[in-house]
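So this block is structure-v3.txt, compact mmCIF, C-alpha atoms and all ligand atoms:
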```txt
# COMPACT_ATOMS: atom_id res chain seq x y z
CA MET A 1 183.55 -61.68 164.35
CA SER A 2 183.84 -59.21 161.52
CA PHE A 3 185.61 -55.86 161.38
CA HIS A 4 182.18 -54.20 161.19
CA LYS A 5 181.71 -54.84 164.91
CA LEU A 6 184.80 -52.80 165.77
CA GLU A 7 183.32 -49.40 165.00
CA LEU A 8 185.74 -48.70 162.21
CA ASN A 9 184.54 -46.19 159.66
CA LYS A 10 183.56 -47.12 156.13
CA ALA A 11 186.81 -45.99 154.55
CA LEU A 12 188.79 -48.24 156.90
CA LEU A 13 186.46 -51.17 156.38
CA ARG A 14 187.18 -50.83 152.66
CA VAL A 15 190.92 -50.66 153.34
CA VAL A 16 190.78 -53.75 155.52
CA LYS A 17 188.83 -55.62 152.85
CA ARG A 18 191.32 -54.57 150.19
CA ALA A 19 194.15 -55.84 152.42
CA GLY A 20 192.42 -59.23 152.39
CA TYR A 21 191.70 -59.33 156.12
CA SER A 22 188.48 -61.25 156.59
CA GLU A 23 188.29 -61.00 160.34
CA PRO A 24 190.21 -59.21 163.08
CA THR A 25 192.96 -61.07 164.91
CA ALA A 26 192.68 -61.55 168.67
CA ILE A 27 194.75 -58.48 169.52
CA GLN A 28 192.77 -56.38 167.04
CA LYS A 29 189.45 -57.51 168.52
CA ARG A 30 190.57 -56.54 171.99
CA ALA A 31 192.65 -53.45 171.32
CA ILE A 32 190.79 -51.54 168.60
CA PRO A 33 187.58 -50.79 170.58
CA GLN A 34 189.63 -49.68 173.62
CA ILE A 35 191.85 -47.41 171.59
CA LEU A 36 188.84 -45.89 169.82
CA ARG A 37 187.36 -45.23 173.25
CA GLY A 38 190.45 -43.18 174.10
CA CYS A 39 192.06 -45.54 176.61
CA ASP A 40 195.77 -45.93 177.21
CA LEU A 41 196.70 -49.49 176.46
CA ILE A 42 199.28 -52.16 177.16
CA GLY A 43 199.22 -54.81 174.47
CA CYS A 44 200.98 -58.07 175.09
CA ALA A 45 200.93 -59.77 171.73
CA GLN A 46 202.96 -62.34 169.93
CA THR A 47 204.92 -61.51 166.84
CA GLY A 48 202.81 -61.88 163.73
CA SER A 49 199.61 -61.32 165.67
CA GLY A 50 198.53 -58.30 163.64
CA LYS A 51 199.42 -55.76 166.32
CA THR A 52 200.48 -53.05 163.85
CA ALA A 53 196.95 -52.86 162.47
CA ALA A 54 195.64 -53.03 166.04
CA PHE A 55 197.06 -49.57 166.72
CA ALA A 56 197.36 -48.13 163.20
CA LEU A 57 193.70 -48.58 162.20
CA PRO A 58 192.20 -46.69 165.16
CA ILE A 59 194.87 -43.99 164.99
CA VAL A 60 194.13 -43.37 161.31
CA GLN A 61 190.43 -43.23 162.13
CA MET A 62 190.90 -40.74 164.95
CA LEU A 63 193.34 -38.46 163.12
CA ASP A 64 191.01 -36.10 161.32
CA PRO A 65 192.96 -34.51 158.52
CA VAL A 66 193.69 -30.87 159.30
CA ALA A 67 194.22 -28.06 156.90
CA GLY A 68 197.16 -25.67 157.02
CA ARG A 69 200.26 -26.21 159.13
CA ARG A 70 200.56 -29.79 160.27
CA PRO A 71 202.00 -30.61 163.63
CA ILE A 72 203.04 -34.20 164.35
CA ARG A 73 199.96 -35.77 165.94
CA ALA A 74 200.90 -39.45 166.01
CA LEU A 75 204.32 -40.74 166.99
CA VAL A 76 205.33 -44.40 166.87
CA LEU A 77 208.70 -45.51 168.20
CA ALA A 78 210.17 -48.80 166.99
CA PRO A 79 213.53 -50.38 167.81
CA THR A 80 214.89 -51.11 164.32
CA ARG A 81 214.98 -49.29 161.02
CA GLU A 82 213.33 -52.15 159.15
CA LEU A 83 210.49 -52.28 161.62
CA ALA A 84 210.01 -48.50 161.46
CA ALA A 85 209.88 -48.68 157.65
CA GLN A 86 207.40 -51.54 157.82
CA ILE A 87 205.07 -49.79 160.27
CA ASP A 88 205.21 -46.66 158.13
CA GLU A 89 204.17 -48.76 155.11
CA GLU A 90 201.23 -50.18 157.07
CA PHE A 91 200.12 -46.65 157.94
CA GLY A 92 200.42 -45.86 154.24
CA LYS A 93 198.18 -48.78 153.40
CA PHE A 94 195.57 -47.79 155.95
CA SER A 95 195.58 -44.06 155.21
CA ARG A 96 195.46 -44.40 151.42
CA GLY A 97 192.85 -42.07 150.02
CA SER A 98 192.99 -39.74 153.04
CA SER A 99 195.09 -36.61 153.08
CA LEU A 100 197.14 -37.76 156.08
CA ARG A 101 200.88 -37.33 155.61
CA ARG A 102 203.59 -39.42 157.14
CA VAL A 103 207.32 -39.96 157.33
CA ALA A 104 209.58 -42.71 158.63
CA ILE A 105 212.62 -41.44 160.50
CA PHE A 106 215.59 -43.71 161.04
CA GLY A 107 219.35 -43.64 160.84
CA GLY A 108 221.73 -45.13 158.30
CA VAL A 109 220.32 -43.01 155.48
CA GLY A 110 220.68 -39.31 154.69
CA GLN A 111 218.61 -37.08 156.92
CA GLN A 112 217.65 -34.48 154.30
CA PRO A 113 214.59 -36.21 152.81
CA GLN A 114 213.32 -36.76 156.36
CA VAL A 115 213.93 -33.13 157.26
CA ASP A 116 212.20 -31.98 154.06
CA ALA A 117 209.14 -34.09 154.89
CA LEU A 118 209.07 -32.73 158.44
CA GLN A 119 209.26 -29.19 157.16
CA ARG A 120 206.41 -29.75 154.70
CA GLY A 121 204.40 -31.03 157.67
CA VAL A 122 203.41 -34.58 158.61
CA ASP A 123 200.64 -36.06 160.74
CA ILE A 124 202.26 -39.40 161.50
CA VAL A 125 205.91 -40.09 162.35
CA VAL A 126 207.27 -43.60 162.76
CA ALA A 127 210.81 -43.41 164.10
CA THR A 128 213.71 -45.18 165.70
CA PRO A 129 214.74 -43.33 168.87
CA GLY A 130 218.34 -42.46 167.87
CA ARG A 131 217.64 -40.52 164.68
CA LEU A 132 214.55 -38.91 166.14
CA GLN A 133 216.60 -37.58 169.05
CA ASP A 134 219.17 -36.35 166.62
CA LEU A 135 216.60 -34.41 164.58
CA MET A 136 215.00 -33.11 167.77
CA ASN A 137 218.37 -31.77 168.90
CA GLN A 138 218.79 -30.03 165.57
CA GLY A 139 215.41 -28.36 166.02
CA PHE A 140 213.57 -30.15 163.19
CA VAL A 141 211.07 -32.01 165.34
CA ARG A 142 208.44 -30.68 167.70
CA LEU A 143 206.37 -33.13 169.65
CA ASP A 144 204.19 -30.80 171.69
CA GLN A 145 201.06 -31.54 169.63
CA VAL A 146 201.31 -35.31 169.72
CA GLU A 147 197.94 -36.89 170.50
CA PHE A 148 198.83 -40.54 169.98
CA PHE A 149 202.06 -42.12 171.14
CA VAL A 150 202.90 -45.76 170.45
CA LEU A 151 205.90 -47.58 171.89
CA ASP A 152 206.24 -50.75 169.86
CA GLU A 153 208.42 -53.70 170.89
CA ALA A 154 208.98 -51.97 174.21
CA ASP A 155 211.03 -54.82 175.66
CA ARG A 156 213.41 -54.65 172.72
CA MET A 157 213.80 -50.90 173.17
CA LEU A 158 215.10 -51.59 176.63
CA ASP A 159 217.37 -54.44 175.48
CA MET A 160 218.89 -52.30 172.78
CA GLY A 161 219.85 -49.58 175.22
CA PHE A 162 217.27 -47.09 173.95
CA ILE A 163 215.77 -46.45 177.33
CA ASN A 164 217.38 -43.04 177.87
CA ASP A 165 216.52 -41.87 174.37
CA VAL A 166 212.97 -43.06 174.87
CA LYS A 167 212.68 -41.23 178.19
CA ARG A 168 214.02 -38.01 176.68
CA ILE A 169 211.53 -38.27 173.83
CA ILE A 170 208.65 -38.90 176.24
CA GLU A 171 209.64 -35.77 178.21
CA ARG A 172 208.89 -33.72 175.11
CA LEU A 173 205.40 -35.14 174.63
CA PRO A 174 202.37 -33.32 176.01
CA GLU A 175 200.77 -34.74 179.14
CA ALA A 176 197.40 -34.97 177.45
CA ARG A 177 197.89 -37.75 174.98
CA GLN A 178 196.85 -41.33 174.40
CA THR A 179 199.66 -43.81 174.91
CA MET A 180 199.87 -47.40 173.68
CA LEU A 181 202.64 -49.75 174.61
CA PHE A 182 203.13 -53.05 172.82
CA SER A 183 205.51 -55.75 173.83
CA ALA A 184 205.65 -59.46 173.12
CA THR A 185 207.24 -60.09 176.50
CA MET A 186 206.70 -58.05 179.66
CA PRO A 187 209.89 -57.98 181.71
CA GLN A 188 209.86 -55.99 184.96
CA ALA A 189 211.60 -53.00 183.35
CA VAL A 190 208.79 -52.66 180.80
CA GLN A 191 206.18 -52.95 183.51
CA ASP A 192 207.95 -50.20 185.48
CA LEU A 193 208.16 -47.96 182.42
CA SER A 194 204.51 -48.56 181.60
CA LYS A 195 203.50 -47.40 185.09
CA ARG A 196 205.26 -44.13 184.48
CA ILE A 197 204.05 -43.34 180.97
CA LEU A 198 200.52 -44.73 180.83
CA LYS A 199 197.41 -43.50 182.59
CA LYS A 200 195.03 -46.19 183.86
CA PRO A 201 195.92 -48.46 180.98
CA VAL A 202 193.70 -51.23 179.76
CA LYS A 203 195.68 -54.44 179.40
CA VAL A 204 195.04 -56.62 176.44
CA ALA A 205 196.86 -59.86 175.81
CA ALA A 206 196.35 -61.81 172.65
CA ASN A 207 198.13 -64.86 174.01
CA PRO A 208 199.77 -65.85 177.25
CA GLN A 209 203.12 -64.20 177.72
CA ALA A 210 206.07 -65.70 175.87
CA THR A 211 204.36 -68.72 174.47
CA THR A 212 205.31 -69.66 170.98
CA VAL A 213 202.87 -69.61 168.13
CA ASP A 214 201.01 -72.91 168.03
CA THR A 215 201.26 -73.34 164.30
CA ILE A 216 205.07 -73.47 164.36
CA ALA A 217 206.53 -76.98 164.35
CA GLN A 218 209.66 -76.65 166.44
CA SER A 219 212.52 -79.10 166.72
CA ILE A 220 216.05 -79.36 167.98
CA TYR A 221 219.03 -80.86 166.19
CA PHE A 222 221.83 -81.85 168.53
CA VAL A 223 224.98 -81.32 166.52
CA GLU A 224 228.68 -80.62 167.13
CA SER A 225 229.49 -77.00 166.44
CA GLY A 226 231.88 -77.99 163.63
CA ASP A 227 229.09 -79.87 161.83
CA LYS A 228 226.50 -77.11 161.93
CA ARG A 229 227.38 -75.82 158.49
CA ALA A 230 227.13 -79.23 156.84
CA LEU A 231 223.82 -79.86 158.57
CA LEU A 232 222.50 -76.51 157.37
CA LYS A 233 223.47 -77.26 153.78
CA HIS A 234 221.82 -80.65 154.08
CA ILE A 235 218.57 -79.00 155.17
CA LEU A 236 218.78 -76.21 152.61
CA ARG A 237 219.22 -78.65 149.74
CA ASP A 238 215.73 -79.89 150.37
CA PRO A 239 213.37 -78.23 147.86
CA ALA A 240 210.90 -77.60 150.69
CA SER A 241 213.32 -75.02 152.10
CA GLU A 242 211.87 -72.30 149.95
CA ARG A 243 212.40 -69.20 152.08
CA VAL A 244 214.66 -69.71 155.03
CA LEU A 245 215.72 -67.25 157.69
CA VAL A 246 218.90 -68.40 159.48
CA PHE A 247 219.97 -66.79 162.75
CA THR A 248 223.55 -66.62 163.97
CA ARG A 249 224.89 -65.20 167.21
CA THR A 250 227.26 -62.63 165.71
CA LYS A 251 227.55 -60.39 162.66
CA HIS A 252 230.84 -62.03 161.79
CA ARG A 253 229.28 -65.49 161.80
CA ALA A 254 226.38 -64.23 159.68
CA ASN A 255 228.81 -62.86 157.06
CA ASN A 256 230.92 -66.00 157.01
CA LEU A 257 227.98 -68.31 156.77
CA ALA A 258 226.42 -66.36 153.88
CA LYS A 259 229.76 -66.50 152.02
CA GLN A 260 230.13 -70.23 152.59
CA LEU A 261 226.60 -70.91 151.42
CA ASN A 262 227.17 -68.91 148.27
CA ARG A 263 230.35 -70.91 147.67
CA ALA A 264 228.21 -74.04 147.94
CA ARG A 265 225.88 -72.50 145.30
CA ILE A 266 223.12 -71.78 147.77
CA PRO A 267 222.20 -68.12 147.18
CA ALA A 268 222.26 -66.36 150.53
CA GLU A 269 222.61 -62.84 151.88
CA ALA A 270 223.50 -61.57 155.31
CA ILE A 271 221.68 -58.84 157.23
CA HIS A 272 222.99 -57.28 160.41
CA GLY A 273 223.75 -53.98 162.10
CA ASN A 274 227.18 -53.45 160.51
CA LYS A 275 225.76 -53.42 157.00
CA SER A 276 224.88 -50.11 155.43
CA GLN A 277 221.20 -49.31 155.39
CA SER A 278 221.10 -49.67 151.61
CA ALA A 279 222.67 -53.14 151.85
CA ARG A 280 220.15 -54.11 154.53
CA THR A 281 217.24 -52.86 152.47
CA ARG A 282 218.55 -54.64 149.36
CA ALA A 283 219.12 -57.94 151.16
CA LEU A 284 215.63 -57.81 152.61
CA ALA A 285 214.04 -56.92 149.27
CA GLN A 286 215.86 -59.80 147.53
CA PHE A 287 214.67 -62.19 150.20
CA LYS A 288 211.10 -60.89 150.17
CA SER A 289 210.91 -61.21 146.39
CA GLY A 290 212.29 -64.75 146.52
CA ARG A 291 215.48 -63.94 144.58
CA THR A 292 217.56 -65.18 147.50
CA ALA A 293 216.15 -68.16 149.30
CA VAL A 294 218.27 -67.77 152.40
CA LEU A 295 218.74 -64.73 154.62
CA VAL A 296 221.35 -65.07 157.34
CA ALA A 297 220.62 -62.66 160.14
CA THR A 298 221.55 -61.57 163.60
CA ASP A 299 218.86 -60.68 166.08
CA ILE A 300 218.37 -57.37 164.33
CA ALA A 301 215.97 -59.24 162.04
CA ALA A 302 214.32 -61.17 164.84
CA ARG A 303 211.86 -58.47 165.76
CA GLY A 304 208.83 -57.32 163.99
CA LEU A 305 209.95 -58.02 160.47
CA ASP A 306 207.03 -59.19 158.45
CA ILE A 307 208.16 -61.34 155.57
CA ASP A 308 205.53 -63.41 153.84
CA SER A 309 205.86 -67.15 153.54
CA VAL A 310 209.06 -67.77 155.47
CA THR A 311 208.95 -71.57 155.37
CA HIS A 312 211.71 -72.15 157.91
CA VAL A 313 213.47 -70.33 160.66
CA ILE A 314 216.74 -72.00 161.53
CA ASN A 315 218.62 -71.10 164.68
CA PHE A 316 222.13 -71.89 163.55
CA ASP A 317 223.14 -70.67 167.00
CA LEU A 318 220.72 -70.68 169.88
CA PRO A 319 220.16 -67.23 171.37
CA ASN A 320 221.48 -66.66 174.88
CA ILE A 321 218.46 -64.49 175.66
CA PRO A 322 215.48 -66.86 175.71
CA GLU A 323 212.97 -64.19 174.64
CA SER A 324 214.92 -63.85 171.38
CA TYR A 325 213.98 -67.42 170.54
CA VAL A 326 210.29 -66.48 170.61
CA HIS A 327 210.90 -63.48 168.41
CA ARG A 328 213.09 -65.32 165.95
CA ILE A 329 210.73 -68.20 165.33
CA GLY A 330 207.86 -65.72 165.12
CA ARG A 331 209.27 -64.69 161.72
CA THR A 332 207.57 -67.79 160.35
CA ALA A 333 203.90 -68.63 160.78
CA ARG A 334 202.88 -65.00 160.37
CA ALA A 335 199.20 -64.17 160.80
CA GLY A 336 197.93 -67.68 161.24
CA ALA A 337 200.05 -69.48 158.64
CA ALA A 338 202.06 -72.56 159.59
CA GLY A 339 205.81 -72.68 159.80
CA ILE A 340 208.83 -74.70 160.79
CA ALA A 341 211.55 -73.75 163.25
CA TYR A 342 214.73 -75.77 163.63
CA SER A 343 217.36 -75.07 166.23
CA PHE A 344 220.89 -76.39 166.20
CA CYS A 345 222.25 -77.03 169.65
CA ASP A 346 225.85 -77.89 170.42
CA VAL A 347 227.10 -78.88 173.84
CA SER A 348 227.91 -75.31 174.85
CA GLU A 349 224.34 -74.25 174.05
CA ARG A 350 222.52 -76.75 176.26
CA LYS A 351 222.04 -74.14 178.96
CA TYR A 352 220.41 -71.77 176.46
CA LEU A 353 218.05 -74.55 175.45
CA ARG A 354 217.05 -75.13 179.07
CA ASP A 355 216.32 -71.42 179.49
CA ILE A 356 214.26 -71.33 176.30
CA GLU A 357 212.20 -74.34 177.32
CA ALA A 358 211.62 -72.81 180.75
CA LEU A 359 210.40 -69.60 179.13
CA ILE A 360 208.07 -71.19 176.60
CA ARG A 361 206.98 -73.80 179.13
CA GLU A 362 207.34 -76.68 176.76
CA ARG A 363 209.96 -79.16 175.66
CA ILE A 364 211.03 -78.91 172.10
CA ALA A 365 210.98 -82.16 170.14
CA VAL A 366 214.35 -83.57 169.16
CA VAL A 367 215.22 -84.83 165.69
CA SER A 368 216.92 -88.07 166.61
CA GLU A 369 217.95 -89.16 163.13
CA HIS A 370 220.03 -86.90 160.99
CA PRO A 371 223.40 -87.30 159.31
CA TYR A 372 225.28 -85.08 161.76
CA MET A 373 224.08 -86.37 165.10
CA SER A 374 226.16 -85.14 167.99
CA ALA A 375 227.92 -87.95 169.80
CA VAL A 376 226.66 -86.46 173.05
CA ALA A 377 223.05 -86.14 171.95
CA ALA A 378 220.73 -87.16 174.70
CA PRO A 379 218.94 -90.51 174.59
CA PRO A 380 215.42 -90.65 173.24
CA GLU A 381 212.08 -90.91 174.86
CA PRO A 382 209.28 -90.74 172.31
CA VAL A 383 206.68 -88.01 172.44
CA PRO A 384 204.13 -87.11 169.84
CA ALA A 385 205.52 -84.49 167.52
CA LYS A 386 203.79 -81.14 167.38
CA LYS A 387 202.42 -81.00 163.87
CA PRO A 388 202.35 -77.95 161.65
CA ALA A 389 198.82 -76.89 160.96
CA ARG A 390 198.74 -76.95 157.19
CA GLU A 391 199.07 -80.05 155.08
CA SER A 392 201.55 -78.44 152.70
CA HIS A 393 203.86 -77.60 155.57
CA ARG A 394 203.39 -81.02 157.05
CA ARG A 395 204.56 -82.54 153.83
CA ARG A 396 207.51 -80.20 153.68
CA ALA A 397 208.48 -80.98 157.21
CA ARG A 398 208.23 -84.73 156.82
CA HIS A 399 211.09 -84.89 154.41
CA PHE A 400 213.76 -84.13 156.91
CA ARG A 401 212.11 -84.07 160.25
CA GLY A 402 213.25 -87.55 161.20
CA ARG A 403 211.79 -89.21 164.23
CA ARG A 404 210.99 -86.72 166.98
CA GLN A 405 211.84 -87.59 170.49
CA THR A 406 212.49 -85.82 173.73
CA ARG A 407 215.52 -86.03 175.87
CA SER A 408 215.39 -87.86 179.10
CA ALA A 409 217.90 -85.51 180.69
P1 LIG B 501 202.11 -57.70 162.60
O1 LIG B 501 201.95 -58.59 163.81
O2 LIG B 501 201.48 -56.38 162.78
O3 LIG B 501 203.53 -57.61 162.13
O4 LIG B 501 201.26 -58.39 161.41
C1 LIG B 501 201.63 -59.59 160.82
C2 LIG B 501 200.96 -59.80 159.47
O5 LIG B 501 199.58 -60.04 159.64
C3 LIG B 501 201.04 -58.66 158.48
O6 LIG B 501 201.40 -59.20 157.22
C4 LIG B 501 199.66 -58.10 158.40
O7 LIG B 501 199.38 -57.56 157.13
C5 LIG B 501 198.83 -59.34 158.66
N1 LIG B 501 197.52 -59.07 159.25
C6 LIG B 501 197.23 -58.11 160.16
N2 LIG B 501 195.94 -58.18 160.50
C7 LIG B 501 195.38 -59.21 159.83
C8 LIG B 501 194.07 -59.77 159.74
N3 LIG B 501 193.06 -59.30 160.48
N4 LIG B 501 193.88 -60.81 158.91
C9 LIG B 501 194.90 -61.30 158.18
N5 LIG B 501 196.17 -60.82 158.19
C10 LIG B 501 196.41 -59.77 159.01
```
Rendering of file as structure tokens:
Amino acid sequence: MSFHKLELNKALLRVVKRAGYSEPTAIQKRAIPQILRGCDLIGCAQTGSGKTAAFALPIVQMLDPVAGRRPIRALVLAPTRELAAQIDEEFGKFSRGSSLRRVAIFGGVGQQPQVDALQRGVDIVVATPGRLQDLMNQGFVRLDQVEFFVLDEADRMLDMGFINDVKRIIERLPEARQTMLFSATMPQAVQDLSKRILKKPVKVAANPQATTVDTIAQSIYFVESGDKRALLKHILRDPASERVLVFTRTKHRANNLAKQLNRARIPAEAIHGNKSQSARTRALAQFKSGRTAVLVATDIAARGLDIDSVTHVINFDLPNIPESYVHRIGRTARAGAAGIAYSFCDVSERKYLRDIEALIRERIAVVSEHPYMSAVAAPPEPVPAKKPARESHRRRARHFRGRRQTRSA
């Protein structure tokens, strides 16, 4: 199916072509016609599924540029600064050539440029809830003309304690508006919220809830916690580990690990919520450009971030919230590419592994031969390994995948 069938206008078809998109992704096929028809929408889509374009393209099409004073007519809320910046960039890409104006509003940077943009007038605002609230309280933001409201990564908004901010923001929106809610997972709290803020929503799901992307080859390394670092270095020394995102449980562990890797001459940077926004932006830019091969992150980077060609996601620590696993590994295999996800699991993390496997409804293959095998690793029972889709990734993976087996316990 081509984009032509989606009733996008000529300017947007050109934009889509320039972006190199040959056909719409599943969520785009299902969501774009409904949004253009004016429906409220709940989108349940996996990370990397192309959901930003699924809402940004129709919004850009429906926002006729207006002359004179510009009220905010489209508001997108996102949970993290990086994601807000990224969505804003996507809007920029799709609205190039039109006179639509936009601003991204998030904390950690000076507010003045954001205030200046608001005062000049913008059509589209992409914001994190905290800073937006702040600017609303100072009288710089009026939302009474908003026609399109998007709540992206709604489940994460709730997890991050944004729910009250989000509710206060929604109170300031006009009743007559089109609302779109996107969430990779649909916990009860999100379903409850959606009942309150959406009117007769159409539900579109690109994939079953909380399943992992098929093109990601996932495996588990059972390892003692004290050997995790050595195992990581062993993996990173492989030339196939070109762009690796490593997740740790805490900010402190992310910092320490990045330092230790640098000491071992493996260029790495850390990204987490205690870093200044400029340090976060720099670390991300270095990683995106390939200057640092390894980015060590907390879950702040697990959501939404779109970094091309991440070859590996490595869970140095398993997340205690199973949904985070889905989001973390979704940083690789973006938009149909293949990817590799390794998870280190020490004895104390076995329960997290069980929860993750229950959520994704599959058992993750175990690497049964590696130099740092945990003495308490479970005995093997062979199963066919899930192969990465692309040959190049398959070759990469082979080097250190070892024999894959499942646990019997
Ligand atoms: P998202 O899920 O919105 O973060 O998108 C993930 C990545 O997919 C981004 O790099 C998009 O530019 C890309 N993308 C979005 N739509 C398409 C498409 N139809 N074809 C190819 N890539 C796409």
Which residue of A:Thr332, A:Gln34, A:Leu41, A:Leu231 approaches ligand LIG 501 (chain B) most closely, using all atoms listed in the file
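Using all atoms listed in the file, ligand LIG 501 (chain B) sits closest to A:Thr332.
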Between CA of Arg237 in chain A and CA of Met373 in chain A, distance in Å (one decimal):
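Spanning CA of Arg237 in chain A to CA of Met373 in chain A is a straight-line distance of 17.9 Å.
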So which one's closest to ligand LIG 501 (chain B), A:Asp299, A:Asp152, A:Glu269, A:Glu323? Using all atoms listed in the file, please.
A:Asp152
All residues 9 Å or closer to Val141 in chain A, all atoms listed in the file, same chain fewer than 2 positions away omitted, as a CSV table (one decimal) with C-alpha atoms, keeping the file's coordinate frame:
```csv
chain,number,residue,atom,x,y,z
A,72,ILE,CA,203.0,-34.2,164.4
A,115,VAL,CA,213.9,-33.1,157.3
A,118,LEU,CA,209.1,-32.7,158.4
A,119,GLN,CA,209.3,-29.2,157.2
A,132,LEU,CA,214.6,-38.9,166.1
A,133,GLN,CA,216.6,-37.6,169.0
A,135,LEU,CA,216.6,-34.4,164.6
A,136,MET,CA,215.0,-33.1,167.8
A,137,ASN,CA,218.4,-31.8,168.9
A,138,GLN,CA,218.8,-30.0,165.6
A,139,GLY,CA,215.4,-28.4,166.0
A,143,LEU,CA,206.4,-33.1,169.6
```
Mind giving me the axis-aligned box for ligand LIG 501 (chain B) with 8 Å on every side, centre plus edges in Å to one decimal, as lines of an AutoDock Vina configuration file?
```
center_x = 198.3
center_y = -58.8
center_z = 160.5
size_x = 26.5
size_y = 20.9
size_z = 22.7
```
Report the distance between CA of Val166 in chain A and CA of Ala74 in chain A in Å, rounded to one decimal place.
15.4 Å
Taking all atoms listed in the file into account, which of A:His312, A:Arg350, A:Arg280, A:His272 comes nearest Leu232 in chain A?
A:His312
List the spatial neighbours of Val246 in chain A as number ranges by chain - criterion: any atom at most 10 Å away, all atoms listed in the file, same-chain residues fewer than 4 positions off excluded.
A: 232, 254, 257-258, 268, 270, 294-298, 301, 312-317, 328, 341-343
With only C-alpha atoms as the atoms that count, which of A:Ile32, A:Ala205, A:Ala127, A:Leu318 lies nearest to Arg354 in chain A?
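Between A:Ile32, A:Ala205, A:Ala127, A:Leu318, the residue approaching Arg354 in chain A most closely is A:Leu318.
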Between A:Gly290, A:Pro201, A:Gly97, A:Pro24, which one has atoms that come closest to ligand LIG 501 (chain B), using all atoms listed in the file?
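Looking only at the distances to ligand LIG 501 (chain B), the closest residue turns out to be A:Pro24.
Using all atoms listed in the file, the smallest distance between any of A:Ser49, A:Asn9, A:Thr128, A:Ser183 and ligand LIG 501 (chain B) comes from A:Ser49.
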